[in-house]
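Only one structure is covered here, and it is reproduced in the block below.
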Amino acid sequence: MPSIFTRIIRNEIPSHRVYTDARVVAFLDIAPISRGHVLVVPVEECEFLHQLSDESAAALGRALPRIARAVLAATGATAYNVLQNNGAVAHQAVPHVHFHIIPKHEGQHDSPASGGDGLGILWHTQQLASSDAALLAASIAQRMDDRATAIDRVE
């Protein structure tokens, strides 16, 4: 069954589009965090970012800055978040790759719990031992050339 985003791309469900090309569609979120909240979606239907073709990934990379500039200009926002989640554990609600561009305004409160109207982000950081960092970086770098191996290990 196609995702809701695929159905939007196919024009089976109405949307307020802000950008369309052969590989990317962007439209206003129907439940925005702030005015101008846009979803940027590849036409290629994949659930996870690491599953995208290089061509779709490159198209998203070209479209995201252009859309962000347009959102800033149209909303008067002074900043924005770009959010992208992969998998239910990472809070992905729709199983189709998508990026959120969420405009932020000076003085806008982040947390709805504190009376704000935006995205609240808490970073719970931890320390990374230097020896572990070196091994982890080497392990990731080693897998950069072998796309299939890296994908198989993540899935």
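The chains in the structure tokens are called A, B, ... from first to last as shown; in each chain the residues are counted from 1, and the ligands are counted from 1 in the order shown.
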Leaving out Leu52 in chain A and any residue of its chain fewer than 6 positions from it, which residues lie within 10 Å of it when counting only C-alpha atoms, given as a PyMOL selection string?
chain A and resi 42+44-46+58+97
Pull N, CA and C atoms from the residues just selected and write them as a PDB file, in the first residue's frame.
```
ATOM      1  N   PRO A  42      11.021  12.858  -1.363  1.00  0.00           N
ATOM      2  CA  PRO A  42      11.454  12.332  -2.656  1.00  0.00           C
ATOM      3  C   PRO A  42      10.298  11.608  -3.340  1.00  0.00           C
ATOM      4  N   GLU A  44      10.770   9.032  -5.158  1.00  0.00           N
ATOM      5  CA  GLU A  44      11.131   7.634  -4.916  1.00  0.00           C
ATOM      6  C   GLU A  44      10.614   7.226  -3.542  1.00  0.00           C
ATOM      7  N   GLU A  45       9.853   6.141  -3.508  1.00  0.00           N
ATOM      8  CA  GLU A  45       9.270   5.711  -2.240  1.00  0.00           C
ATOM      9  C   GLU A  45      10.203   4.767  -1.503  1.00  0.00           C
ATOM     10  N   CYS A  46      10.845   5.296  -0.457  1.00  0.00           N
ATOM     11  CA  CYS A  46      11.706   4.529   0.437  1.00  0.00           C
ATOM     12  C   CYS A  46      11.352   4.944   1.857  1.00  0.00           C
ATOM     13  N   ALA A  58      20.701  13.266  -4.156  1.00  0.00           N
ATOM     14  CA  ALA A  58      21.272  14.483  -4.734  1.00  0.00           C
ATOM     15  C   ALA A  58      20.176  15.501  -5.039  1.00  0.00           C
ATOM     16  N   VAL A  97      10.604   8.515   3.274  1.00  0.00           N
ATOM     17  CA  VAL A  97      11.613   9.532   3.589  1.00  0.00           C
ATOM     18  C   VAL A  97      11.002  10.917   3.421  1.00  0.00           C
TER      19      VAL A  97
END
```
Alpha helix (DSSP H) per DSSP on the backbone: members of chain A, as number ranges by chain
A: 4-9, 54-75, 130-143, 147-154
Output for the residues just chosen: N, CA and C atoms as a CSV table (one decimal), in the first residue's frame:
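Now in selection-v7.csv:
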```csv
chain,number,residue,atom,x,y,z
A,4,ILE,N,1.0,7.8,2.5
A,4,ILE,CA,0.2,9.0,2.3
A,4,ILE,C,1.0,10.0,1.4
A,5,PHE,N,2.3,10.0,1.6
A,5,PHE,CA,3.1,10.9,0.8
A,5,PHE,C,3.1,10.5,-0.7
A,6,THR,N,3.2,9.2,-1.0
A,6,THR,CA,3.1,8.8,-2.4
A,6,THR,C,1.7,9.2,-2.9
A,7,ARG,N,0.7,9.0,-2.2
A,7,ARG,CA,-0.6,9.4,-2.6
A,7,ARG,C,-0.7,10.9,-2.9
A,8,ILE,N,0.0,11.7,-2.1
A,8,ILE,CA,0.0,13.2,-2.3
A,8,ILE,C,0.8,13.4,-3.6
A,9,ILE,N,2.0,12.8,-3.8
A,9,ILE,CA,2.8,12.9,-5.0
A,9,ILE,C,2.0,12.6,-6.2
A,54,ASP,N,21.3,7.4,-5.1
A,54,ASP,CA,22.1,8.5,-5.1
A,54,ASP,C,21.5,9.7,-5.8
A,55,GLU,N,20.7,9.4,-6.9
A,55,GLU,CA,20.0,10.4,-7.7
A,55,GLU,C,19.0,11.1,-6.9
A,56,SER,N,18.2,10.4,-6.1
A,56,SER,CA,17.1,11.0,-5.3
A,56,SER,C,17.8,11.8,-4.1
A,57,ALA,N,18.8,11.3,-3.5
A,57,ALA,CA,19.5,12.0,-2.5
A,57,ALA,C,20.1,13.3,-3.0
A,58,ALA,N,20.7,13.3,-4.2
A,58,ALA,CA,21.3,14.5,-4.7
A,58,ALA,C,20.2,15.5,-5.0
A,59,ALA,N,19.0,15.0,-5.5
A,59,ALA,CA,17.9,15.9,-5.8
A,59,ALA,C,17.4,16.6,-4.6
A,60,LEU,N,17.3,15.8,-3.5
A,60,LEU,CA,16.9,16.4,-2.2
A,60,LEU,C,17.9,17.5,-1.7
A,61,GLY,N,19.2,17.1,-1.9
A,61,GLY,CA,20.3,18.1,-1.5
A,61,GLY,C,20.2,19.4,-2.3
A,62,ARG,N,19.8,19.3,-3.5
A,62,ARG,CA,19.7,20.5,-4.3
A,62,ARG,C,18.4,21.3,-3.9
A,63,ALA,N,17.3,20.6,-3.6
A,63,ALA,CA,16.1,21.3,-3.4
A,63,ALA,C,16.0,21.9,-2.0
A,64,LEU,N,16.5,21.2,-1.0
A,64,LEU,CA,16.4,21.7,0.4
A,64,LEU,C,16.8,23.1,0.6
A,65,PRO,N,18.0,23.5,0.2
A,65,PRO,CA,18.4,24.9,0.4
A,65,PRO,C,17.5,25.9,-0.3
A,66,ARG,N,17.1,25.6,-1.5
A,66,ARG,CA,16.2,26.5,-2.3
A,66,ARG,C,14.8,26.6,-1.6
A,67,ILE,N,14.3,25.5,-1.1
A,67,ILE,CA,13.0,25.6,-0.4
A,67,ILE,C,13.2,26.4,1.0
A,68,ALA,N,14.3,26.1,1.7
A,68,ALA,CA,14.5,26.8,2.9
A,68,ALA,C,14.6,28.3,2.7
A,69,ARG,N,15.3,28.8,1.6
A,69,ARG,CA,15.4,30.2,1.3
A,69,ARG,C,14.0,30.8,1.1
A,70,ALA,N,13.2,30.0,0.3
A,70,ALA,CA,11.8,30.5,0.0
A,70,ALA,C,10.9,30.6,1.3
A,71,VAL,N,11.1,29.6,2.2
A,71,VAL,CA,10.3,29.6,3.4
A,71,VAL,C,10.7,30.8,4.3
A,72,LEU,N,12.0,31.0,4.4
A,72,LEU,CA,12.4,32.2,5.2
A,72,LEU,C,11.9,33.5,4.6
A,73,ALA,N,12.0,33.6,3.3
A,73,ALA,CA,11.5,34.9,2.6
A,73,ALA,C,10.0,35.0,2.8
A,74,ALA,N,9.2,34.0,2.7
A,74,ALA,CA,7.8,34.0,2.7
A,74,ALA,C,7.2,34.3,4.1
A,75,THR,N,7.9,33.7,5.1
A,75,THR,CA,7.4,33.8,6.5
A,75,THR,C,8.1,34.9,7.3
A,130,SER,N,38.0,8.6,23.8
A,130,SER,CA,38.9,8.8,22.6
A,130,SER,C,39.2,7.5,21.9
A,131,SER,N,39.5,6.5,22.7
A,131,SER,CA,39.8,5.2,22.0
A,131,SER,C,38.6,4.6,21.3
A,132,ASP,N,37.4,4.7,21.9
A,132,ASP,CA,36.2,4.2,21.2
A,132,ASP,C,35.9,5.1,20.0
A,133,ALA,N,36.1,6.4,20.1
A,133,ALA,CA,35.9,7.3,19.0
A,133,ALA,C,36.8,6.9,17.8
A,134,ALA,N,38.0,6.6,18.0
A,134,ALA,CA,38.9,6.3,16.9
A,134,ALA,C,38.5,5.0,16.2
A,135,LEU,N,38.1,4.0,17.0
A,135,LEU,CA,37.6,2.7,16.5
A,135,LEU,C,36.3,2.9,15.7
A,136,LEU,N,35.4,3.6,16.3
A,136,LEU,CA,34.1,3.8,15.6
A,136,LEU,C,34.3,4.6,14.3
A,137,ALA,N,35.1,5.7,14.3
A,137,ALA,CA,35.3,6.4,13.1
A,137,ALA,C,35.9,5.6,12.0
A,138,ALA,N,36.9,4.8,12.4
A,138,ALA,CA,37.6,3.9,11.4
A,138,ALA,C,36.6,2.9,10.9
A,139,SER,N,35.7,2.3,11.7
A,139,SER,CA,34.7,1.3,11.3
A,139,SER,C,33.7,2.0,10.3
A,140,ILE,N,33.3,3.2,10.6
A,140,ILE,CA,32.3,3.9,9.7
A,140,ILE,C,33.0,4.2,8.4
A,141,ALA,N,34.2,4.8,8.5
A,141,ALA,CA,34.9,5.1,7.3
A,141,ALA,C,35.2,3.9,6.4
A,142,GLN,N,35.5,2.8,7.0
A,142,GLN,CA,35.8,1.6,6.2
A,142,GLN,C,34.6,1.2,5.4
A,143,ARG,N,33.4,1.4,5.9
A,143,ARG,CA,32.2,1.0,5.2
A,143,ARG,C,31.6,2.0,4.2
A,147,ARG,N,28.5,0.5,-0.2
A,147,ARG,CA,27.2,0.9,0.1
A,147,ARG,C,26.3,-0.2,0.5
A,148,ALA,N,26.3,-1.3,-0.2
A,148,ALA,CA,25.4,-2.5,0.1
A,148,ALA,C,25.7,-3.0,1.5
A,149,THR,N,27.0,-3.1,1.9
A,149,THR,CA,27.4,-3.7,3.2
A,149,THR,C,26.9,-2.7,4.3
A,150,ALA,N,27.1,-1.4,4.1
A,150,ALA,CA,26.6,-0.5,5.1
A,150,ALA,C,25.1,-0.5,5.3
A,151,ILE,N,24.4,-0.6,4.2
A,151,ILE,CA,22.9,-0.7,4.3
A,151,ILE,C,22.5,-2.0,5.0
A,152,ASP,N,23.1,-3.1,4.6
A,152,ASP,CA,22.7,-4.4,5.2
A,152,ASP,C,22.9,-4.4,6.7
A,153,ARG,N,23.9,-3.8,7.2
A,153,ARG,CA,24.2,-3.8,8.6
A,153,ARG,C,23.3,-2.9,9.4
A,154,VAL,N,22.8,-1.8,8.7
A,154,VAL,CA,21.9,-0.9,9.4
A,154,VAL,C,20.5,-1.5,9.5
```
For Asn85 in chain A: contacts at 12 Å, only C-alpha atoms, fewer than 3 positions along chain excluded, given as a count of residues only:
18
Shortest interatomic distance to Val38 in chain A - which of A:Arg17, A:Ile101, A:Arg10, A:Ala79, counting only C-alpha atoms
A:Ile101
May I have the residues within 9 Å of Leu28 in chain A as a ChimeraX atom specification, using only C-alpha atoms and disregarding those fewer than 4 positions away in the same chain?
/A:15-18,32,36-40
d(CA of Gly76 in chain A, CA of Ser34 in chain A) in Å
12.0 Å
Using backbone DSSP assignments, extract all strand (DSSP E) residues from range 45-96 of chain A; output them as a list in words.
Ala79, Tyr80, Asn81, Val82 and Leu83 of chain A
